[in-house]
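Quick look at coords_6.cif (mmCIF, C-alpha atoms and all ligand atoms):
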data_query
loop_
_atom_site.label_atom_id
_atom_site.label_comp_id
_atom_site.auth_asym_id
_atom_site.auth_seq_id
_atom_site.Cartn_x
_atom_site.Cartn_y
_atom_site.Cartn_z
CA MET U 755 27.08 39.47 104.66
CA ARG U 756 23.71 38.76 106.24
CA ARG U 757 21.83 41.76 107.58
CA MET U 758 19.13 42.07 110.23
CA ARG U 759 16.70 44.71 111.40
CA LEU U 760 18.00 46.85 114.28
CA GLY U 761 15.39 46.93 117.05
CA ASN U 762 12.08 48.27 115.74
CA THR U 763 13.82 50.62 113.30
CA GLN U 764 13.86 50.40 109.50
CA ILE U 765 17.66 49.98 109.59
CA ASN U 766 19.21 46.77 108.29
CA LEU U 767 22.62 46.29 109.87
CA PRO U 768 25.26 43.71 108.97
CA VAL U 769 25.25 40.86 111.49
CA VAL U 770 29.01 41.37 111.91
CA GLY U 771 30.36 44.90 112.42
CA ILE U 772 33.73 46.19 113.62
CA GLY U 773 34.77 46.95 117.20
CA THR U 774 37.45 49.51 118.02
CA TRP U 775 38.50 48.96 121.65
CA GLY U 776 42.31 49.07 121.69
CA MET U 777 42.66 50.97 118.41
CA GLY U 778 44.58 54.11 119.35
CA GLY U 779 45.15 52.90 122.89
CA LYS U 780 43.00 51.41 125.62
CA PHE U 781 42.81 53.56 128.77
CA GLU U 782 45.29 56.13 127.38
CA ALA U 783 45.85 57.43 123.85
CA ASP U 784 48.52 55.59 121.87
CA HIS U 785 49.36 57.24 118.54
CA SER U 786 51.88 54.62 117.39
CA ARG U 787 49.56 52.54 115.16
CA ASP U 788 46.98 55.11 114.03
CA GLU U 789 47.36 54.52 110.29
CA GLU U 790 47.12 50.73 110.65
CA ALA U 791 43.95 51.08 112.73
CA ALA U 792 42.31 53.61 110.38
CA LYS U 793 43.09 51.35 107.40
CA ALA U 794 41.56 48.39 109.24
CA ILE U 795 38.31 50.30 109.78
CA VAL U 796 38.16 51.29 106.10
CA LYS U 797 38.86 47.68 105.09
CA ALA U 798 36.15 46.40 107.48
CA VAL U 799 33.61 48.72 105.86
CA LYS U 800 34.64 47.66 102.35
CA LEU U 801 34.18 44.03 103.44
CA GLY U 802 30.61 44.79 104.51
CA MET U 803 31.17 45.27 108.26
CA ASN U 804 29.89 48.83 108.05
CA HIS U 805 28.58 49.01 111.63
CA ILE U 806 31.43 50.74 113.46
CA ASP U 807 31.37 50.55 117.25
CA THR U 808 33.34 53.07 119.28
CA ALA U 809 33.12 55.08 122.52
CA GLU U 810 34.41 58.31 124.02
CA PHE U 811 36.15 56.20 126.68
CA TYR U 812 38.32 54.25 124.24
CA GLY U 813 41.94 55.39 124.08
CA ASN U 814 40.92 58.29 126.30
CA GLY U 815 39.11 59.79 123.30
CA HIS U 816 41.72 58.99 120.66
CA THR U 817 39.86 55.96 119.25
CA GLU U 818 37.08 58.24 118.01
CA GLU U 819 39.76 60.34 116.28
CA ILE U 820 40.95 57.21 114.46
CA VAL U 821 37.39 56.42 113.41
CA GLY U 822 37.32 60.05 112.18
CA MET U 823 40.48 59.40 110.12
CA ALA U 824 38.79 56.37 108.55
CA LEU U 825 35.60 58.34 107.87
CA GLN U 826 37.58 60.80 105.75
CA ARG U 827 38.16 57.91 103.32
CA ILE U 828 34.57 56.58 103.29
CA ARG U 829 31.24 58.17 102.44
CA ARG U 830 29.35 59.02 105.64
CA ASP U 831 26.21 57.28 104.36
CA GLU U 832 28.20 54.06 103.83
CA VAL U 833 28.53 53.51 107.56
CA PHE U 834 26.44 53.17 110.68
CA ILE U 835 28.32 54.64 113.64
CA THR U 836 27.66 53.72 117.25
CA SER U 837 29.34 55.63 120.06
CA LYS U 838 28.81 55.67 123.80
CA ILE U 839 28.73 58.17 126.61
CA TRP U 840 30.78 57.33 129.70
CA PRO U 841 28.57 57.16 132.83
CA THR U 842 30.38 59.92 134.75
CA HIS U 843 29.45 62.32 131.91
CA LEU U 844 25.80 61.36 132.03
CA ASN U 845 24.54 64.52 133.70
CA TRP U 846 22.97 67.75 132.38
CA LYS U 847 26.26 69.64 132.76
CA ASP U 848 28.58 67.29 130.84
CA ALA U 849 26.52 65.21 128.43
CA LEU U 850 26.27 67.78 125.63
CA ASN U 851 30.01 68.37 125.81
CA SER U 852 30.53 64.62 125.46
CA ILE U 853 28.44 64.15 122.35
CA GLU U 854 29.70 67.39 120.78
CA ALA U 855 33.33 66.32 121.37
CA THR U 856 32.53 62.88 119.93
CA LEU U 857 31.06 64.43 116.78
CA LYS U 858 34.04 66.75 116.40
CA LYS U 859 36.50 63.84 116.68
CA LEU U 860 34.50 61.75 114.24
CA GLY U 861 34.13 64.71 111.85
CA THR U 862 30.38 64.25 111.43
CA ASP U 863 27.26 66.09 112.57
CA HIS U 864 25.55 63.00 113.99
CA VAL U 865 26.16 59.45 115.10
CA ASP U 866 23.64 56.79 114.14
CA LEU U 867 23.31 55.23 117.56
CA TYR U 868 24.32 56.66 120.94
CA LEU U 869 24.52 54.34 123.93
CA ILE U 870 24.85 54.70 127.67
CA HIS U 871 28.13 52.79 128.07
CA TRP U 872 27.33 51.57 131.60
CA PRO U 873 24.53 52.52 134.00
CA SER U 874 25.61 55.59 135.96
CA ALA U 875 26.21 55.38 139.71
CA GLU U 876 25.38 59.09 140.09
CA THR U 877 22.45 59.68 137.74
CA ASN U 878 19.36 57.50 138.02
CA ILE U 879 18.01 55.74 134.97
CA LYS U 880 15.05 58.05 134.42
CA GLU U 881 17.27 61.11 134.34
CA SER U 882 19.91 59.30 132.26
CA ILE U 883 17.24 58.44 129.69
CA ASP U 884 15.90 62.02 129.72
CA ILE U 885 19.40 63.22 128.87
CA MET U 886 19.73 60.68 126.04
CA ASN U 887 16.35 61.80 124.64
CA SER U 888 17.47 65.42 124.72
CA ILE U 889 20.59 64.47 122.71
CA LEU U 890 18.33 62.69 120.23
CA ASP U 891 16.02 65.73 120.03
CA LYS U 892 19.01 67.89 119.14
CA GLY U 893 19.67 65.66 116.13
CA TYR U 894 23.06 64.54 117.38
CA THR U 895 22.04 60.89 117.06
CA ARG U 896 19.40 59.03 115.07
CA TYR U 897 18.76 56.37 117.70
CA ILE U 898 19.52 55.73 121.35
CA GLY U 899 20.30 52.57 123.27
CA VAL U 900 22.03 51.13 126.30
CA SER U 901 24.96 48.90 127.13
CA ASN U 902 25.64 46.62 130.08
CA PHE U 903 22.07 47.08 131.36
CA SER U 904 20.38 44.34 133.43
CA ILE U 905 16.76 43.26 132.90
CA ALA U 906 15.53 45.66 135.60
CA GLU U 907 17.60 48.53 134.16
CA VAL U 908 16.33 47.88 130.62
CA ALA U 909 12.75 47.81 131.91
CA GLU U 910 13.23 51.16 133.64
CA ALA U 911 14.91 52.66 130.59
CA VAL U 912 12.07 51.59 128.29
CA GLU U 913 9.43 52.84 130.71
CA ASN U 914 11.01 56.30 130.87
CA SER U 915 12.04 56.82 127.27
CA LYS U 916 10.07 58.82 124.73
CA ALA U 917 12.16 57.31 121.94
CA PRO U 918 12.62 53.56 121.48
CA ILE U 919 15.63 51.92 123.11
CA VAL U 920 16.94 50.07 120.06
CA CYS U 921 19.65 47.90 121.58
CA ASN U 922 21.43 46.61 124.65
CA GLN U 923 25.12 46.03 123.91
CA ILE U 924 26.39 43.28 126.22
CA ARG U 925 29.17 40.78 126.65
CA TYR U 926 28.18 37.49 125.04
CA ASN U 927 30.17 34.73 123.42
CA ILE U 928 30.35 30.95 123.23
CA GLN U 929 32.64 30.93 126.25
CA ASP U 930 30.48 33.23 128.38
CA LYS U 931 26.78 32.50 127.96
CA SER U 932 25.70 34.20 131.21
CA ALA U 933 23.51 36.79 129.44
CA LYS U 934 21.45 33.96 127.99
CA ALA U 935 21.31 32.03 131.25
CA SER U 936 20.08 35.09 133.18
CA GLY U 937 17.22 35.64 130.73
CA LEU U 938 18.57 39.09 129.72
CA ILE U 939 18.88 38.24 126.03
CA ASP U 940 15.38 36.79 125.73
CA TYR U 941 13.90 39.66 127.73
CA CYS U 942 15.38 42.29 125.40
CA MET U 943 14.66 40.46 122.17
CA ASN U 944 11.03 39.85 123.18
CA LYS U 945 10.70 43.61 123.64
CA GLY U 946 12.13 44.29 120.16
CA ILE U 947 15.43 45.51 121.61
CA SER U 948 18.36 44.15 119.61
CA ILE U 949 21.28 42.54 121.35
CA VAL U 950 24.75 43.55 120.17
CA ALA U 951 27.33 41.08 121.50
CA TYR U 952 30.68 42.54 122.49
CA SER U 953 33.89 40.54 123.08
CA PRO U 954 32.39 37.90 120.75
CA LEU U 955 35.72 36.05 120.63
CA ASN U 956 36.19 36.41 124.38
CA ARG U 957 39.36 38.29 123.42
CA MET U 958 40.60 34.97 122.02
CA GLU U 959 40.35 33.11 125.30
CA ILE U 960 38.38 30.05 124.26
CA SER U 961 38.75 26.75 126.11
CA SER U 962 40.16 23.73 124.31
CA SER U 963 36.92 21.77 124.76
CA ILE U 964 34.85 24.51 123.07
CA LEU U 965 37.50 24.93 120.38
CA LYS U 966 37.28 21.22 119.62
CA LYS U 967 33.53 21.50 119.06
CA LEU U 968 33.92 24.62 116.93
CA LYS U 969 36.46 22.81 114.76
CA LYS U 970 34.04 19.97 114.16
CA ILE U 971 31.24 22.30 113.00
CA ALA U 972 33.72 24.34 110.97
CA GLN U 973 34.29 21.33 108.71
CA ASN U 974 30.60 21.36 107.66
CA HIS U 975 30.97 24.93 106.39
CA SER U 976 34.56 24.91 105.05
CA ALA U 977 35.03 27.58 107.70
CA THR U 978 37.34 28.27 110.64
CA PRO U 979 36.48 27.78 114.32
CA ILE U 980 36.53 31.57 114.80
CA GLN U 981 33.94 31.98 112.06
CA ILE U 982 31.74 29.38 113.76
CA ALA U 983 32.10 31.23 117.10
CA LEU U 984 30.77 34.37 115.39
CA ALA U 985 28.07 32.48 113.46
CA TRP U 986 26.94 30.89 116.75
CA ILE U 987 26.08 34.42 117.92
CA THR U 988 24.49 35.74 114.73
CA THR U 989 22.42 32.57 114.16
CA GLN U 990 20.62 33.54 117.40
CA GLY U 991 19.51 36.81 115.78
CA ILE U 992 22.19 38.73 117.66
CA PHE U 993 24.52 41.33 116.12
CA THR U 994 28.21 41.30 116.88
CA ILE U 995 31.20 43.62 116.61
CA PRO U 996 34.54 41.74 116.79
CA LYS U 997 37.56 44.00 116.97
CA ALA U 998 40.26 43.22 114.42
CA VAL U 999 43.16 45.12 112.94
CA ASN U 1000 44.94 42.24 111.27
CA ASP U 1001 44.02 41.92 107.57
CA SER U 1002 43.37 38.18 107.59
CA HIS U 1003 41.27 38.50 110.76
CA LEU U 1004 39.09 41.13 109.07
CA ILE U 1005 38.52 38.93 106.02
CA GLU U 1006 37.78 35.90 108.20
CA ASN U 1007 35.29 37.80 110.36
CA ALA U 1008 33.47 39.36 107.40
CA LYS U 1009 33.00 35.94 105.79
CA ALA U 1010 31.55 34.65 109.07
CA GLY U 1011 28.64 37.00 108.42
CA ASP U 1012 27.45 34.67 105.63
CA ILE U 1013 27.25 31.57 107.81
CA LEU U 1014 24.00 30.36 109.35
CA LEU U 1015 24.20 27.29 111.59
CA SER U 1016 21.56 24.55 111.56
CA GLY U 1017 19.39 23.64 114.54
CA ASP U 1018 21.42 20.45 115.03
CA GLU U 1019 24.68 22.41 114.97
CA MET U 1020 23.35 24.91 117.51
CA ASP U 1021 22.25 22.00 119.74
CA TYR U 1022 25.68 20.45 119.48
CA LEU U 1023 27.27 23.75 120.60
CA LYS U 1024 24.79 24.27 123.43
CA SER U 1025 26.69 22.72 126.34
P1 LIG S 1 36.99 40.49 120.78
O1 LIG S 1 36.38 41.10 119.57
O2 LIG S 1 36.38 39.26 121.35
O3 LIG S 1 38.53 40.18 120.54
C1 LIG S 1 39.41 41.05 119.89
C2 LIG S 1 40.74 40.32 119.70
O4 LIG S 1 40.53 39.20 118.84
C3 LIG S 1 41.82 41.18 119.05
O5 LIG S 1 43.02 40.85 119.71
C4 LIG S 1 41.86 40.68 117.61
O6 LIG S 1 43.17 40.74 117.05
C5 LIG S 1 41.46 39.24 117.77
N1 LIG S 1 40.79 38.72 116.58
C6 LIG S 1 39.75 39.29 115.91
N2 LIG S 1 39.38 38.53 114.87
C7 LIG S 1 40.20 37.45 114.89
C8 LIG S 1 40.32 36.31 114.04
N3 LIG S 1 39.52 36.14 113.00
N4 LIG S 1 41.30 35.39 114.34
C9 LIG S 1 42.11 35.55 115.39
N5 LIG S 1 42.05 36.61 116.23
C10 LIG S 1 41.10 37.56 115.98
O7 LIG S 1 37.05 41.53 121.99
P2 LIG S 1 36.68 43.06 122.26
O8 LIG S 1 37.57 43.97 121.49
O9 LIG S 1 36.61 43.19 123.73
O10 LIG S 1 35.16 43.21 121.75
C11 LIG S 1 34.80 43.70 120.48
C12 LIG S 1 34.30 45.13 120.52
O11 LIG S 1 33.17 45.25 121.39
C13 LIG S 1 35.29 46.14 121.14
O12 LIG S 1 36.35 46.42 120.26
C14 LIG S 1 34.37 47.29 121.45
O13 LIG S 1 34.08 48.04 120.27
C15 LIG S 1 33.14 46.56 121.97
N6 LIG S 1 33.14 46.44 123.45
C16 LIG S 1 32.14 47.07 124.15
C17 LIG S 1 32.11 46.99 125.53
C18 LIG S 1 31.02 47.69 126.29
O14 LIG S 1 31.13 47.81 127.52
N7 LIG S 1 29.97 48.11 125.63
C19 LIG S 1 33.09 46.25 126.24
C20 LIG S 1 34.07 45.60 125.49
C21 LIG S 1 34.06 45.67 124.11
P3 LIG S 1 43.69 41.88 116.01
O15 LIG S 1 43.17 43.19 116.50
O16 LIG S 1 45.17 41.74 116.09
O17 LIG S 1 43.16 41.55 114.64
#
Could you express the structure from this file as C-alpha cells?
Amino acid sequence: MRRMRLGNTQINLPVVGIGTWGMGGKFEADHSRDEEAAKAIVKAVKLGMNHIDTAEFYGNGHTEEIVGMALQRIRRDEVFITSKIWPTHLNWKDALNSIEATLKKLGTDHVDLYLIHWPSAETNIKESIDIMNSILDKGYTRYIGVSNFSIAEVAEAVENSKAPIVCNQIRYNIQDKSAKASGLIDYCMNKGISIVAYSPLNRMEISSSILKKLKKIAQNHSATPIQIALAWITTQGIFTIPKAVNDSHLIENAKAGDILLSGDEMDYLKS
C-alpha cells in the first residue's frame, strides 16, 4: 500500500482507506448487519487501509458505533480515524455535544481528523472554523479539515483558521471529474491541503465507455478495472476512501493502493 503525506502534517496515510457510509444504515440506524460491517472494517485495517472515514450523520449515529465495535479489536494507534460534524450542529451550543458523542460511540478520547461535513447554512465560515479550532484546542481531534467546500469557502476557512486545514474531502471519480474541471482540486493541493476523494467508484455507476478504457489499462497491470479506477485517483496524489463490506472487494481495493499509472495511461484515461 502506497502512503502519502496528509496536508502539511507529518502523517503518512495509505492512499486507499475505508469508507463507512451505509454500514449500520444510511439515514436511519440498521442493526441487521453490524457484525459483518465491523469485521469488514477490521479486515480493511489489516489489509493496510487504516484510514477509517465515518461521520456522526451516517446511520443516524449508528455507523460510528460500528466503527467503535471494530476499534475494540484493533489497537487505537493502528488506525487514523476521520469523523465529521453535521452542519446543523456547527454552533457553540451543539458542537461539543457532537464531538463528545462521537468519541463515546467510537470508544476513544480523540479522533485523528475532524471535518465540517458540509458548509453550514446557519453559521458562517469564520465562526464554523472558530468552533473547529476550539474542538482541536480541547484535544478532541489532532487535525481539522473540511468537506464539500468550494474554492471560495476553502479560502475563507484557511484565512480564519489558527490551525492548518489539512484536507478537503470531496466527490471525485473517473466518472465525475467536475472538481478537477472547476479548479478546486488544484487550488487545494497548491495550498498544501490534501484532497480525499469520496464515492471513488461513483457507487459503481460507471459508463460502459469508461469501463472499456479501464479494462484496457487493467491488462497492463494484471489488475481489475475497479483497481484502475482507484489508481487513477491516487496517481494524482489524491487519497481515497472506497466503502466496501464484501471480502473480495476489500482485497481488491487494498491491492489498488500499490498501483501507480504511467503518464501515457493517465493521458489515455483523460477524456
Ligand atoms: P463508493 O465507495 O464509490 O461505492 C461503494 C459501493 O461500491 C458499495 O456498494 C461497495 O459494495 C461497492 N464496491 C466497493 N469496492 C468494490 C469492488 N472492488 N468491486 C465492486 N464493488 C465494490 O461510494 P461511497 O460509499 O459513496 O463513498 C465512499 C466513502 O466516502 C463513504 O462510505 C463515506 O465514508 C465517504 N463519503 C463522504 C461524503 C461526504 O459528504 N464527505 C459523501 C459520500 C461518501 P460492498 O459494500 O457490497 O462491498
Interatomic distance, CA of Ile987 (chain U) to CA of Ile928 (chain U) (Å, one decimal) =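 Calculated distance between CA of Ile987 (chain U) and CA of Ile928 (chain U) is 7.6 Å.
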Which residues form the shell of 7 Å around ligand LIG 1 (chain S) when you count only C-alpha atoms and all ligand atoms, given as a count of residues only?
-> 33
Quick one: pull the distance between CA of Thr862 (chain U) and CA of Glu782 (chain U), Å, one decimal.
->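 Straight-line distance from CA of Thr862 (chain U) to CA of Glu782 (chain U) works out to 23.3 Å.
Note that the spacing between CA of Ser1016 (chain U) and CA of Ala972 (chain U) amounts to 12.2 Å.
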For a cut-off of 6 Å around (36.2, 56.1, 119.8), file coordinates, pick out all residues using all atoms listed in the file and list them as JSON, numbers by chain.
-> {"U": [808, 809, 810, 812, 815, 817, 818]}
Selected residue of minimal separation from Lys880 (chain U) among U:Ala1008, U:Val799, U:Val770, U:Val912, counting only C-alpha atoms |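 Closest to Lys880 (chain U), using only C-alpha atoms: U:Val912.
Shell of Ala985 (chain U) at 7 Å, with all atoms listed in the file counted and residues fewer than 3 places along the chain excluded, is Gln981, Ile982, Thr988, Thr989, Ala1010, Gly1011, Ile1013, Leu1014 and Leu1015 of chain U.
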Could those selected residues go to a file with C-alpha atoms, as an mmCIF file, keeping the file's coordinate frame?
data_model
loop_
_atom_site.group_PDB
_atom_site.id
_atom_site.type_symbol
_atom_site.label_atom_id
_atom_site.label_comp_id
_atom_site.auth_asym_id
_atom_site.auth_seq_id
_atom_site.Cartn_x
_atom_site.Cartn_y
_atom_site.Cartn_z
ATOM 1 C CA GLN U 981 33.940 31.980 112.060
ATOM 2 C CA ILE U 982 31.740 29.380 113.760
ATOM 3 C CA THR U 988 24.490 35.740 114.730
ATOM 4 C CA THR U 989 22.420 32.570 114.160
ATOM 5 C CA ALA U 1010 31.550 34.650 109.070
ATOM 6 C CA GLY U 1011 28.640 37.000 108.420
ATOM 7 C CA ILE U 1013 27.250 31.570 107.810
ATOM 8 C CA LEU U 1014 24.000 30.360 109.350
ATOM 9 C CA LEU U 1015 24.200 27.290 111.590
#
Using all atoms listed in the file: which of U:Arg829, U:Lys966, U:Lys1024, U:Lys931 has the shortest distance to Asn804 (chain U) |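 Closest to Asn804 (chain U), using all atoms listed in the file: U:Arg829.
Here the question is which of U:His843, U:Ser837, U:Gln929, U:Glu854 gets nearest to Tyr868 (chain U) using all atoms listed in the file, and that residue is U:Ser837.
Distance annotation: of U:Gly778, U:Pro873, U:Gly771, U:Gly822, the residue with the minimal separation from Met803 (chain U) is U:Gly771; atom set is all atoms listed in the file.
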Given all atoms listed in the file as the counted atoms, nearest of U:Ser1025, U:Lys1009, U:Gly991, U:Ile795 to Ser976 (chain U) = U:Lys1009
Choose the residue, out of U:Phe993, U:Trp840, U:Tyr897, U:Trp846, that has the smallest atom-to-atom separation from Ala917 (chain U); count only C-alpha atoms.
->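 The shortest atom-to-atom distance to Ala917 (chain U) comes from U:Tyr897.
The neighbours of Arg759 (chain U) here are the residues that come within 10 Å of it, using all atoms listed in the file and leaving out any residue fewer than 5 positions away in the same chain; they are Gln764, Ile765, Asn766, Leu767, Pro768, Val769, Gly946, Ser948, Gly991 and Phe993 of chain U.
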With 4 Å of padding per side, what axis-aligned box (centre and edge lengths, Å, one decimal) covers all the listed atoms of region 993-1009 of chain U? Give it as JSON.
{"center_x": 34.7, "center_y": 40.5, "center_z": 111.4, "size_x": 28.4, "size_y": 17.2, "size_z": 19.2}
Might you pull out every residue within 12 Å of Lys892 (chain U), with only C-alpha atoms counted and same-chain residues fewer than 6 positions away left off, and present them as an MDAnalysis selection string?
-> chainID U and resid 850 853:854 863:865 885:886
